[in-house]
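**Q** To be precise about what I am sending: the file is called upload30.txt and holds compact mmCIF, C-alpha atoms.
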# COMPACT_ATOMS: atom_id res chain seq x y z
CA MET T 1381 20.02 31.00 -104.90
CA LYS T 1382 22.42 29.73 -107.54
CA LEU T 1383 21.13 26.47 -109.03
CA VAL T 1384 23.22 23.50 -110.16
CA THR T 1385 23.74 23.54 -113.95
CA ASN T 1386 25.36 21.50 -116.74
CA LYS T 1387 24.91 17.94 -115.52
CA GLN T 1388 24.92 14.64 -117.40
CA GLN T 1389 24.51 10.98 -116.49
CA LEU T 1390 22.55 11.29 -113.27
CA SER T 1391 22.64 7.93 -111.55
CA GLY T 1392 21.48 6.41 -108.29
CA THR T 1393 18.55 5.70 -106.01
CA VAL T 1394 16.38 8.29 -104.27
CA HIS T 1395 13.94 7.63 -101.44
CA VAL T 1396 11.37 10.33 -102.12
CA PRO T 1397 9.56 12.05 -99.26
CA SER T 1398 6.24 10.81 -97.96
CA ASP T 1399 2.97 11.59 -99.71
CA LYS T 1400 1.78 15.07 -98.85
CA SER T 1401 -1.93 14.40 -99.46
CA ILE T 1402 -1.99 11.27 -97.29
CA SER T 1403 0.10 12.92 -94.56
CA HIS T 1404 -2.43 15.77 -94.27
CA ARG T 1405 -5.37 13.39 -94.16
CA SER T 1406 -3.77 11.04 -91.61
CA ILE T 1407 -3.78 13.87 -89.07
CA MET T 1408 -7.30 14.98 -89.99
CA PHE T 1409 -8.80 11.50 -89.78
CA GLY T 1410 -6.92 10.74 -86.60
CA SER T 1411 -8.27 13.94 -85.06
CA ILE T 1412 -11.94 13.16 -85.86
CA ALA T 1413 -11.73 9.44 -85.04
CA TYR T 1414 -12.12 7.87 -81.61
CA GLY T 1415 -8.98 6.45 -80.07
CA LYS T 1416 -5.31 6.43 -81.03
CA THR T 1417 -4.04 6.86 -84.57
CA VAL T 1418 -0.38 6.02 -85.20
CA VAL T 1419 1.19 7.63 -88.28
CA LYS T 1420 4.47 6.33 -89.67
CA ASN T 1421 6.60 7.87 -92.46
CA PHE T 1422 4.81 11.24 -92.08
CA LEU T 1423 6.00 14.11 -94.29
CA ARG T 1424 7.50 16.78 -92.07
CA GLY T 1425 7.23 19.53 -94.66
CA GLU T 1426 5.88 22.93 -93.67
CA ASP T 1427 2.42 22.33 -95.14
CA CYS T 1428 1.80 19.12 -93.21
CA LEU T 1429 3.20 20.61 -90.01
CA SER T 1430 0.64 23.39 -90.46
CA THR T 1431 -2.09 20.74 -90.38
CA ILE T 1432 -0.74 19.36 -87.08
CA GLU T 1433 -0.71 22.85 -85.54
CA ALA T 1434 -4.23 23.55 -86.82
CA PHE T 1435 -5.65 20.51 -85.03
CA ARG T 1436 -3.65 21.21 -81.91
CA ALA T 1437 -5.34 24.63 -81.95
CA LEU T 1438 -8.65 22.73 -81.97
CA GLY T 1439 -7.68 20.89 -78.79
CA VAL T 1440 -6.38 17.62 -80.25
CA ASN T 1441 -3.48 15.95 -78.43
CA ILE T 1442 -0.87 15.13 -81.08
CA GLU T 1443 2.51 13.68 -80.11
CA ASP T 1444 5.55 13.64 -82.41
CA ASP T 1445 8.81 12.02 -81.34
CA GLY T 1446 10.45 12.69 -84.71
CA GLU T 1447 9.78 9.15 -85.93
CA THR T 1448 6.14 8.39 -85.24
CA ILE T 1449 3.14 10.66 -84.75
CA ILE T 1450 0.36 9.67 -82.37
CA VAL T 1451 -3.01 11.41 -82.63
CA HIS T 1452 -5.34 10.99 -79.66
CA GLY T 1453 -8.74 11.51 -81.25
CA GLU T 1454 -12.01 12.05 -79.40
CA GLY T 1455 -14.28 12.15 -82.45
CA PHE T 1456 -15.76 15.24 -84.06
CA GLU T 1457 -17.18 16.10 -80.63
CA GLY T 1458 -13.68 16.35 -79.19
CA LEU T 1459 -12.80 19.39 -81.30
CA LYS T 1460 -12.85 22.61 -79.27
CA LYS T 1461 -13.37 26.23 -80.27
CA PRO T 1462 -9.92 27.64 -81.07
CA ALA T 1463 -8.64 30.40 -78.80
CA ARG T 1464 -7.28 32.34 -81.76
CA GLN T 1465 -7.21 32.47 -85.55
CA ILE T 1466 -5.89 29.22 -87.07
CA ASP T 1467 -2.85 29.81 -89.30
CA VAL T 1468 -2.57 27.28 -92.16
CA GLY T 1469 0.67 28.77 -93.52
CA ASN T 1470 0.97 28.04 -97.25
CA SER T 1471 -1.31 25.00 -97.21
CA GLY T 1472 -4.33 25.10 -99.48
CA THR T 1473 -5.10 21.48 -98.57
CA THR T 1474 -5.31 22.38 -94.88
CA ILE T 1475 -7.62 25.37 -95.27
CA ARG T 1476 -10.01 23.69 -97.70
CA LEU T 1477 -10.30 20.30 -95.99
CA ILE T 1478 -10.48 21.61 -92.44
CA SER T 1479 -13.35 23.86 -93.55
CA GLY T 1480 -15.48 20.75 -94.13
CA ILE T 1481 -14.67 19.45 -90.66
CA LEU T 1482 -15.40 22.79 -88.96
CA ALA T 1483 -18.67 23.20 -90.88
CA GLY T 1484 -20.28 20.66 -88.55
CA ARG T 1485 -18.92 21.97 -85.26
CA PRO T 1486 -21.04 24.23 -82.98
CA PHE T 1487 -18.61 27.14 -82.83
CA ALA T 1488 -17.05 29.84 -84.99
CA SER T 1489 -13.52 29.50 -86.36
CA GLU T 1490 -11.30 31.81 -88.38
CA LEU T 1491 -8.72 30.46 -90.84
CA SER T 1492 -5.86 32.47 -92.34
CA GLY T 1493 -2.52 31.84 -94.00
CA ASP T 1494 0.34 33.47 -95.85
CA ASP T 1495 0.17 35.87 -98.80
CA SER T 1496 -0.39 33.00 -101.24
CA ILE T 1497 -3.33 31.61 -99.25
CA ALA T 1498 -4.88 35.09 -99.18
CA LYS T 1499 -5.20 34.82 -102.99
CA ARG T 1500 -6.68 31.30 -103.14
CA PRO T 1501 -10.40 31.21 -104.14
CA MET T 1502 -12.58 29.64 -101.47
CA ALA T 1503 -16.11 30.06 -102.87
CA ARG T 1504 -15.75 26.59 -104.37
CA VAL T 1505 -15.61 25.21 -100.80
CA MET T 1506 -17.86 27.73 -99.07
CA ASN T 1507 -20.80 27.28 -101.47
CA PRO T 1508 -21.53 23.59 -100.79
CA LEU T 1509 -20.82 23.95 -97.07
CA ASN T 1510 -23.26 26.86 -96.88
CA GLN T 1511 -25.84 24.75 -98.70
CA MET T 1512 -25.43 22.16 -95.94
CA GLY T 1513 -26.20 24.73 -93.23
CA ALA T 1514 -22.85 26.17 -92.20
CA VAL T 1515 -22.22 29.90 -92.58
CA CYS T 1516 -18.86 30.45 -94.28
CA SER T 1517 -17.62 33.85 -95.40
CA GLY T 1518 -14.42 35.33 -96.76
CA HIS T 1519 -12.55 38.52 -95.96
CA GLU T 1520 -14.73 41.64 -96.20
CA GLY T 1521 -17.37 39.95 -98.32
CA THR T 1522 -14.89 38.36 -100.78
CA GLU T 1523 -14.21 34.67 -101.38
CA PHE T 1524 -10.64 34.99 -100.12
CA PRO T 1525 -9.13 34.23 -96.69
CA PRO T 1526 -9.22 34.91 -93.84
CA LEU T 1527 -12.27 32.64 -93.75
CA THR T 1528 -14.84 32.68 -90.98
CA ILE T 1529 -16.74 29.43 -90.48
CA ASN T 1530 -19.79 29.34 -88.23
CA GLY T 1531 -20.46 25.65 -87.94
CA SER T 1532 -23.74 23.87 -87.32
CA GLU T 1533 -24.41 20.60 -85.51
CA LYS T 1534 -27.44 20.16 -87.77
CA LEU T 1535 -25.84 19.97 -91.19
CA GLN T 1536 -28.18 18.86 -93.97
CA PRO T 1537 -27.21 16.33 -96.65
CA ILE T 1538 -27.03 17.64 -100.22
CA HIS T 1539 -26.74 16.39 -103.78
CA TYR T 1540 -23.77 18.26 -105.16
CA ASP T 1541 -22.70 18.28 -108.81
CA MET T 1542 -19.18 19.64 -108.63
CA PRO T 1543 -18.57 22.59 -110.98
CA VAL T 1544 -14.78 22.04 -110.81
CA SER T 1545 -12.56 18.97 -110.69
CA SER T 1546 -10.99 19.32 -107.25
CA ALA T 1547 -10.09 16.65 -104.72
CA GLN T 1548 -9.86 19.37 -102.07
CA VAL T 1549 -13.44 20.55 -102.61
CA LYS T 1550 -14.72 16.97 -102.78
CA SER T 1551 -12.91 16.12 -99.54
CA ALA T 1552 -14.32 19.15 -97.72
CA VAL T 1553 -17.86 18.11 -98.64
CA LEU T 1554 -17.21 14.49 -97.60
CA PHE T 1555 -15.87 15.60 -94.20
CA ALA T 1556 -19.05 17.64 -93.72
CA ALA T 1557 -21.19 14.72 -94.95
CA LEU T 1558 -19.76 12.49 -92.21
CA GLN T 1559 -21.45 14.86 -89.74
CA ALA T 1560 -24.76 15.46 -91.59
CA GLU T 1561 -28.01 13.59 -90.91
CA GLY T 1562 -28.78 11.55 -94.04
CA MET T 1563 -27.16 10.78 -97.38
CA THR T 1564 -24.96 13.27 -99.23
CA THR T 1565 -24.17 12.63 -102.88
CA VAL T 1566 -21.19 14.20 -104.65
CA VAL T 1567 -20.86 13.91 -108.42
CA GLU T 1568 -17.41 14.74 -109.83
CA LYS T 1569 -16.76 16.35 -113.23
CA GLU T 1570 -13.73 14.11 -113.63
CA LYS T 1571 -12.46 11.52 -111.19
CA THR T 1572 -9.89 13.09 -108.84
CA ARG T 1573 -7.49 11.58 -106.29
CA ASP T 1574 -9.44 9.41 -103.87
CA HIS T 1575 -7.34 9.37 -100.70
CA THR T 1576 -10.24 10.73 -98.65
CA GLU T 1577 -12.57 7.96 -99.83
CA ASP T 1578 -9.90 5.33 -99.09
CA MET T 1579 -9.28 6.68 -95.61
CA ILE T 1580 -12.97 6.85 -94.72
CA ARG T 1581 -12.98 3.08 -95.31
CA GLN T 1582 -9.66 2.57 -93.52
CA PHE T 1583 -10.97 4.35 -90.41
CA GLY T 1584 -14.07 2.15 -90.35
CA GLY T 1585 -16.49 4.47 -92.12
CA SER T 1586 -18.99 3.69 -94.84
CA ILE T 1587 -18.88 5.20 -98.33
CA ALA T 1588 -20.28 4.14 -101.70
CA VAL T 1589 -18.41 5.02 -104.90
CA ASN T 1590 -19.88 4.38 -108.34
CA ASP T 1591 -17.56 5.87 -110.96
CA ARG T 1592 -17.86 9.65 -110.42
CA GLU T 1593 -20.76 9.45 -107.92
CA ILE T 1594 -19.89 9.26 -104.23
CA GLN T 1595 -22.41 8.76 -101.42
CA VAL T 1596 -21.90 9.16 -97.68
CA THR T 1597 -24.67 8.68 -95.11
CA GLY T 1598 -24.07 10.40 -91.78
CA PRO T 1599 -23.53 10.87 -89.02
CA GLN T 1600 -20.68 8.38 -88.70
CA LYS T 1601 -18.14 7.52 -86.04
CA LEU T 1602 -14.59 6.65 -87.09
CA THR T 1603 -11.99 4.60 -85.20
CA GLY T 1604 -8.27 5.36 -84.89
CA GLN T 1605 -5.93 3.35 -87.10
CA GLU T 1606 -2.29 2.82 -87.99
CA VAL T 1607 -1.28 4.67 -91.16
CA THR T 1608 1.99 4.14 -93.04
CA VAL T 1609 2.40 6.93 -95.57
CA PRO T 1610 3.88 5.91 -98.97
CA GLY T 1611 6.28 8.07 -100.97
CA ASP T 1612 4.80 10.98 -102.90
CA ILE T 1613 4.60 10.52 -106.67
CA SER T 1614 4.35 14.32 -107.02
CA SER T 1615 7.82 14.62 -105.46
CA ALA T 1616 9.12 11.63 -107.42
CA ALA T 1617 8.01 13.37 -110.63
CA PHE T 1618 10.98 15.76 -110.59
CA PHE T 1619 13.47 12.90 -110.55
CA LEU T 1620 11.46 10.92 -113.11
CA ALA T 1621 11.77 13.90 -115.44
CA ALA T 1622 15.47 14.37 -114.69
CA GLY T 1623 16.19 10.74 -115.51
CA LEU T 1624 14.33 10.99 -118.81
CA ILE T 1625 15.78 14.28 -120.11
CA ILE T 1626 19.36 14.42 -118.78
CA PRO T 1627 21.60 12.49 -121.23
CA GLY T 1628 22.97 9.16 -120.05
CA SER T 1629 20.89 9.06 -116.86
CA LYS T 1630 19.29 6.18 -114.97
CA ILE T 1631 17.43 6.88 -111.72
CA THR T 1632 15.57 4.56 -109.36
CA LEU T 1633 12.89 5.80 -106.93
CA THR T 1634 11.68 3.59 -104.07
CA ASN T 1635 8.38 3.34 -102.13
CA VAL T 1636 6.49 5.59 -104.55
CA GLY T 1637 2.73 5.68 -103.99
CA LEU T 1638 0.86 4.20 -106.97
CA ASN T 1639 -2.75 5.08 -106.23
CA PRO T 1640 -4.37 4.91 -109.71
CA THR T 1641 -5.92 8.38 -109.29
CA ARG T 1642 -2.39 9.82 -109.01
CA THR T 1643 -0.41 7.97 -111.69
CA GLY T 1644 -1.25 10.05 -114.76
CA ILE T 1645 2.39 11.08 -115.11
CA ILE T 1646 3.38 7.44 -115.66
CA ASP T 1647 0.85 7.22 -118.50
CA VAL T 1648 2.24 10.43 -120.02
CA ILE T 1649 5.83 9.20 -119.79
CA LYS T 1650 4.86 6.05 -121.68
CA GLN T 1651 2.93 8.03 -124.32
CA MET T 1652 5.94 10.32 -124.83
CA GLY T 1653 8.18 7.29 -125.38
CA GLY T 1654 9.97 7.42 -122.05
CA LYS T 1655 11.74 4.36 -120.68
CA ILE T 1656 10.18 3.48 -117.32
CA THR T 1657 9.90 0.22 -115.38
CA ILE T 1658 7.60 -0.35 -112.42
CA GLU T 1659 7.95 -2.93 -109.68
CA GLU T 1660 4.77 -2.86 -107.59
CA VAL T 1661 4.58 -3.71 -103.91
CA SER T 1662 1.01 -3.57 -102.60
CA SER T 1663 -0.60 -3.93 -99.21
CA GLU T 1664 -4.21 -3.42 -98.15
CA ASN T 1665 -3.88 0.32 -97.58
CA ASN T 1666 -0.61 1.15 -99.30
CA LYS T 1667 -0.14 0.57 -103.02
CA ALA T 1668 3.46 1.53 -103.78
CA GLY T 1669 6.37 0.48 -105.93
CA THR T 1670 9.87 1.09 -107.24
CA LEU T 1671 10.19 3.15 -110.42
CA THR T 1672 13.26 3.26 -112.67
CA VAL T 1673 13.68 5.68 -115.57
CA GLU T 1674 16.38 6.07 -118.21
CA ALA T 1675 17.30 8.89 -120.58
CA SER T 1676 14.92 8.70 -123.54
CA GLU T 1677 14.07 10.28 -126.86
CA LEU T 1678 10.70 11.86 -126.04
CA LYS T 1679 8.00 12.97 -128.47
CA GLY T 1680 5.32 15.65 -128.13
CA ILE T 1681 1.74 14.58 -127.30
CA GLU T 1682 -1.63 16.08 -126.34
CA ILE T 1683 -2.59 15.92 -122.66
CA SER T 1684 -6.26 16.70 -121.93
CA GLY T 1685 -9.56 15.45 -120.58
CA GLU T 1686 -10.00 12.94 -117.80
CA ILE T 1687 -6.26 12.37 -117.24
CA ILE T 1688 -5.74 15.98 -116.06
CA PRO T 1689 -6.91 15.48 -112.43
CA ARG T 1690 -4.58 12.46 -112.23
CA LEU T 1691 -1.50 14.63 -112.89
CA ILE T 1692 -2.54 18.20 -112.06
CA ASP T 1693 0.39 18.77 -109.68
CA GLU T 1694 2.86 17.22 -112.12
CA LEU T 1695 2.03 19.47 -115.08
CA PRO T 1696 4.87 21.98 -114.43
CA ILE T 1697 7.52 19.25 -114.63
CA ILE T 1698 5.71 17.59 -117.55
CA ALA T 1699 5.94 20.95 -119.35
CA LEU T 1700 9.71 20.91 -118.83
CA MET T 1701 9.86 17.36 -120.23
CA ALA T 1702 7.95 18.63 -123.26
CA THR T 1703 10.61 21.28 -123.96
CA GLN T 1704 13.02 18.36 -124.52
CA ALA T 1705 10.63 16.31 -126.67
CA GLU T 1706 10.52 16.34 -130.46
CA GLY T 1707 7.44 18.14 -131.77
CA ILE T 1708 4.62 20.03 -130.09
CA THR T 1709 3.01 19.14 -126.76
CA VAL T 1710 -0.42 20.62 -126.02
CA ILE T 1711 -1.88 20.69 -122.49
CA ARG T 1712 -5.63 21.44 -122.29
CA ASP T 1713 -8.42 21.39 -119.67
CA ALA T 1714 -6.02 22.44 -116.91
CA GLU T 1715 -7.72 25.64 -115.68
CA GLU T 1716 -7.18 24.37 -112.13
CA LEU T 1717 -3.48 25.30 -112.50
CA LYS T 1718 -4.50 28.95 -112.17
CA VAL T 1719 -5.61 28.53 -108.53
CA LYS T 1720 -2.65 26.64 -107.11
CA GLU T 1721 0.10 28.28 -105.01
CA THR T 1722 0.48 30.62 -107.96
CA ASN T 1723 -0.98 30.72 -111.48
CA ARG T 1724 1.09 27.79 -112.68
CA ILE T 1725 0.13 28.25 -116.34
CA ASP T 1726 1.69 31.69 -116.43
CA ALA T 1727 4.54 30.78 -114.07
CA VAL T 1728 5.68 27.81 -116.18
CA ALA T 1729 5.54 29.77 -119.43
CA ASN T 1730 7.20 32.90 -118.03
CA GLU T 1731 10.09 31.21 -116.26
CA LEU T 1732 10.97 28.52 -118.81
CA ASN T 1733 10.76 31.06 -121.63
CA LYS T 1734 13.31 33.17 -119.74
CA LEU T 1735 15.67 30.19 -120.11
CA GLY T 1736 15.03 29.80 -123.84
CA ALA T 1737 11.98 27.52 -124.02
CA ASP T 1738 9.18 28.13 -126.55
CA ILE T 1739 5.94 27.96 -124.56
CA THR T 1740 2.65 29.73 -125.20
CA PRO T 1741 0.17 29.93 -122.31
CA THR T 1742 -3.53 29.47 -123.10
CA ASP T 1743 -6.70 29.92 -121.06
CA ASP T 1744 -6.64 26.29 -119.96
CA GLY T 1745 -3.09 25.08 -120.53
CA LEU T 1746 0.12 25.38 -122.52
CA ILE T 1747 1.49 24.85 -126.01
CA ILE T 1748 5.12 23.70 -125.81
CA ARG T 1749 7.36 23.51 -128.87
CA GLY T 1750 10.36 21.23 -128.61
CA LYS T 1751 13.12 20.43 -128.71
CA THR T 1752 14.78 23.54 -127.26
CA SER T 1753 18.13 24.29 -125.67
CA LEU T 1754 18.00 26.06 -122.33
CA ASN T 1755 20.20 29.00 -121.40
CA SER T 1756 21.31 30.86 -118.30
CA GLY T 1757 19.03 33.39 -116.62
CA ARG T 1758 17.32 34.67 -113.48
CA VAL T 1759 14.06 32.97 -112.53
CA THR T 1760 11.60 32.88 -109.61
CA SER T 1761 9.48 30.23 -107.92
CA TYR T 1762 6.75 32.80 -107.12
CA GLY T 1763 6.79 31.15 -103.68
CA ASP T 1764 5.52 27.90 -105.27
CA HIS T 1765 7.44 24.75 -104.29
CA ARG T 1766 6.65 22.85 -107.50
CA ILE T 1767 7.78 25.72 -109.74
CA GLY T 1768 11.01 25.98 -107.74
CA MET T 1769 11.86 22.28 -108.07
CA MET T 1770 10.95 22.25 -111.76
CA LEU T 1771 13.34 25.14 -112.39
CA GLN T 1772 16.23 23.32 -110.68
CA ILE T 1773 15.70 20.31 -112.97
CA ALA T 1774 15.60 22.72 -115.92
CA ALA T 1775 18.88 24.29 -114.79
CA LEU T 1776 20.62 20.91 -115.05
CA LEU T 1777 20.21 21.21 -118.86
CA VAL T 1778 21.95 24.60 -119.03
CA GLU T 1779 25.46 24.04 -120.39
CA ASN T 1780 26.87 27.57 -120.21
CA GLY T 1781 26.36 30.23 -117.55
CA SER T 1782 24.34 30.17 -114.35
CA VAL T 1783 20.71 30.07 -113.25
CA GLU T 1784 19.67 32.17 -110.26
CA LEU T 1785 16.45 31.18 -108.48
CA ASN T 1786 14.56 33.71 -106.39
CA ARG T 1787 12.44 32.41 -103.49
CA ALA T 1788 14.06 28.97 -103.42
CA GLU T 1789 12.95 28.54 -99.80
CA ALA T 1790 9.44 27.64 -101.02
CA ILE T 1791 10.71 24.15 -101.90
CA SER T 1792 10.75 23.18 -98.21
CA VAL T 1793 6.93 23.25 -98.19
CA SER T 1794 6.83 19.71 -99.59
CA TYR T 1795 10.44 18.55 -100.01
CA PRO T 1796 12.85 19.87 -97.37
CA ASN T 1797 15.71 17.58 -98.56
CA PHE T 1798 15.25 18.13 -102.30
CA PHE T 1799 18.69 19.58 -103.00
CA ASN T 1800 20.43 16.92 -100.88
CA ASP T 1801 18.59 14.13 -102.70
CA LEU T 1802 19.48 15.66 -106.06
CA GLU T 1803 23.14 15.72 -105.11
CA ILE T 1804 23.05 11.94 -104.56
CA LEU T 1805 22.62 11.53 -108.32
CA PHE T 1806 25.66 13.53 -109.41
CA LYS T 1807 28.53 11.33 -110.57
Write the structure described by the file as structure tokens, please.

**A**
Amino acid sequence: MKLVTNKQQLSGTVHVPSDKSISHRSIMFGSIAYGKTVVKNFLRGEDCLSTIEAFRALGVNIEDDGETIIVHGEGFEGLKKPARQIDVGNSGTTIRLISGILAGRPFASELSGDDSIAKRPMARVMNPLNQMGAVCSGHEGTEFPPLTINGSEKLQPIHYDMPVSSAQVKSAVLFAALQAEGMTTVVEKEKTRDHTEDMIRQFGGSIAVNDREIQVTGPQKLTGQEVTVPGDISSAAFFLAAGLIIPGSKITLTNVGLNPTRTGIIDVIKQMGGKITIEEVSSENNKAGTLTVEASELKGIEISGEIIPRLIDELPIIALMATQAEGITVIRDAEELKVKETNRIDAVANELNKLGADITPTDDGLIIRGKTSLNSGRVTSYGDHRIGMMLQIAALLVENGSVELNRAEAISVSYPNFFNDLEILFK
């Protein structure tokens, strides 16, 4: 696909798509709760649709009229043995979180996905679930999908010190803990996004959180709720970056979710000297706001430590911002980028360097030397939606020649209308 190049003065307002993480979890919680859950502003990207189909395969009645989704939950006990292998598509969130739910069910399930999912490491999820009494195994003795999960109705609580910072692993253990007899304690390495904890409370469950220590005493029964999904800051990030690095630009983004465990990119923008204003609009279960950014003179910084889990999905577009900042930007402690839809450390360095950037990949991050001019070239998304969108924003900076993107279709996983929304901003 030929990308749009050579743009200046982007201007306008974009309504970013709904939050992917909350959309996934709304279906999951609705499916394990008792009664009706009504979901508004659901993200109809391929990943989240895979979650709907996965729970339909488990016998859950889920209606979708194109506006509102209604999940008719019958509790954990209402889940039925699937008639066939469950296909999660490209969704790592689906396969990891649903594993925690299936760990406590008295039947065997098999989970598979596309070529990318077949390369995603699952030992990080299987190990704690096996400690709790489930029997989870990967393909032919490996840690990779297809996964087989032999659940147990007698899950045991555990004390689990997480070896990796991963909201997906944490969430899988918490879903299992809701079914176990007694108190499970999870201790995080660094605090990660807490949508699962928030939604346990929203659906009437009980959970104790003390900094990085989380405790759930099971078994618990949840009750169906109404969920309005805010806009996804991970999707907004691409337009935030565009507004900051494209000369003369000013972009406003509405209804952006502002959960504090997800707003690391805002902190980074401020540290880099970016012009950003935030108008918050909060409700009990939906902290959101309007963000406005303007073209700015950015400076290189170091990004490491406890902020990393708060912006892990935004690091590819932050790396692009760093190519347009004065000085060196260093990203550390981001090993988790290696086990996303692709190895995002290598993907970012390889593809932006093709366009003239100066980026050195490291074992746990990137060293980015700015400020660089970007040139024409042929690039690939590697089938990773965030790499694809980042490369389109990069192409806007290319003044001469064209940029060809291979595997552009991956963008529809999280942002089906990305190119249409981008076009809104062209003067």

**Q** What's the separation between CA of Arg1749 in chain T and CA of Gly1654 in chain T, in Å to one decimal place?

**A**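 For CA of Arg1749 in chain T relative to CA of Gly1654 in chain T, the distance reads 17.7 Å.
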
**Q** Which residue out of T:Asn1507, T:Ser1492, T:Thr1603, T:Ser1761 has the minimum interatomic distance to Ala1413 in chain T when only C-alpha atoms are used?

**A** T:Thr1603

**Q** Name the residues within 10 Å of (-4.4, 14.3, -91.9), counting all atoms listed in the file in the file's coordinates, and put them as a VMD selection string.

**A** chain T and resid 1400 to 1412 1419 1422 1428 1431 to 1432 1435 1451 1473 to 1474 1477 to 1478 1576 1579

**Q** Kindly give the distance, in Å, that separates CA of Gly1415 in chain T and CA of Gly1604 in chain T, rounded to a single decimal.

**A** 5.0 Å

**Q** What is the distance, in Å and to one decimal place, between CA of Ala1622 in chain T and CA of Val1394 in chain T?

**A** 12.1 Å

**Q** Nearest to Glu1789 in chain T among T:Pro1627, T:Pro1640, T:Gly1472, T:Gly1763, with distances taken over all atoms listed in the file: which residue is it?

**A**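 Closest to Glu1789 in chain T, using all atoms listed in the file: T:Gly1763.
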
**Q** Using all atoms listed in the file, find the one residue out of T:Gly1425, T:Pro1525, T:Gly1745, T:Gly1628 that sits nearest to Asp1726 in chain T.

**A**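 Answer, going by the shortest atom-to-atom distance: T:Gly1745.
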
**Q** Scan for residues within 10 Å of the point (-19.3, 21.7, -101.1) in the coordinates of the file, using only C-alpha atoms, and reply as a count of residues only.

**A** 29

**Q** With distances taken over all atoms listed in the file, which of T:Glu1686, T:Asp1764, T:Asp1591, T:Asp1612 is nearest to His1395 in chain T?

**A** T:Asp1612

**Q** Measuring atom to atom with only C-alpha atoms, identify which of T:Ser1532, T:Ser1756, T:Leu1700, T:Ala1616 is nearest to Val1778 in chain T.

**A**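 Closest residue, counting only C-alpha atoms: T:Ser1756.
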
**Q** If you count only C-alpha atoms, which residues fall within 10 Å of His1519 in chain T, apart from same-chain ones fewer than 4 positions away, as number ranges by chain?

**A** T: 1492, 1498, 1523-1528

**Q** Measuring atom to atom with only C-alpha atoms, identify which of T:Ala1617, T:Lys1416, T:Gly1518, T:Ile1449 is nearest to Leu1602 in chain T.

**A**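 Of T:Ala1617, T:Lys1416, T:Gly1518, T:Ile1449, the one nearest Leu1602 in chain T, counting only C-alpha atoms, is T:Lys1416.
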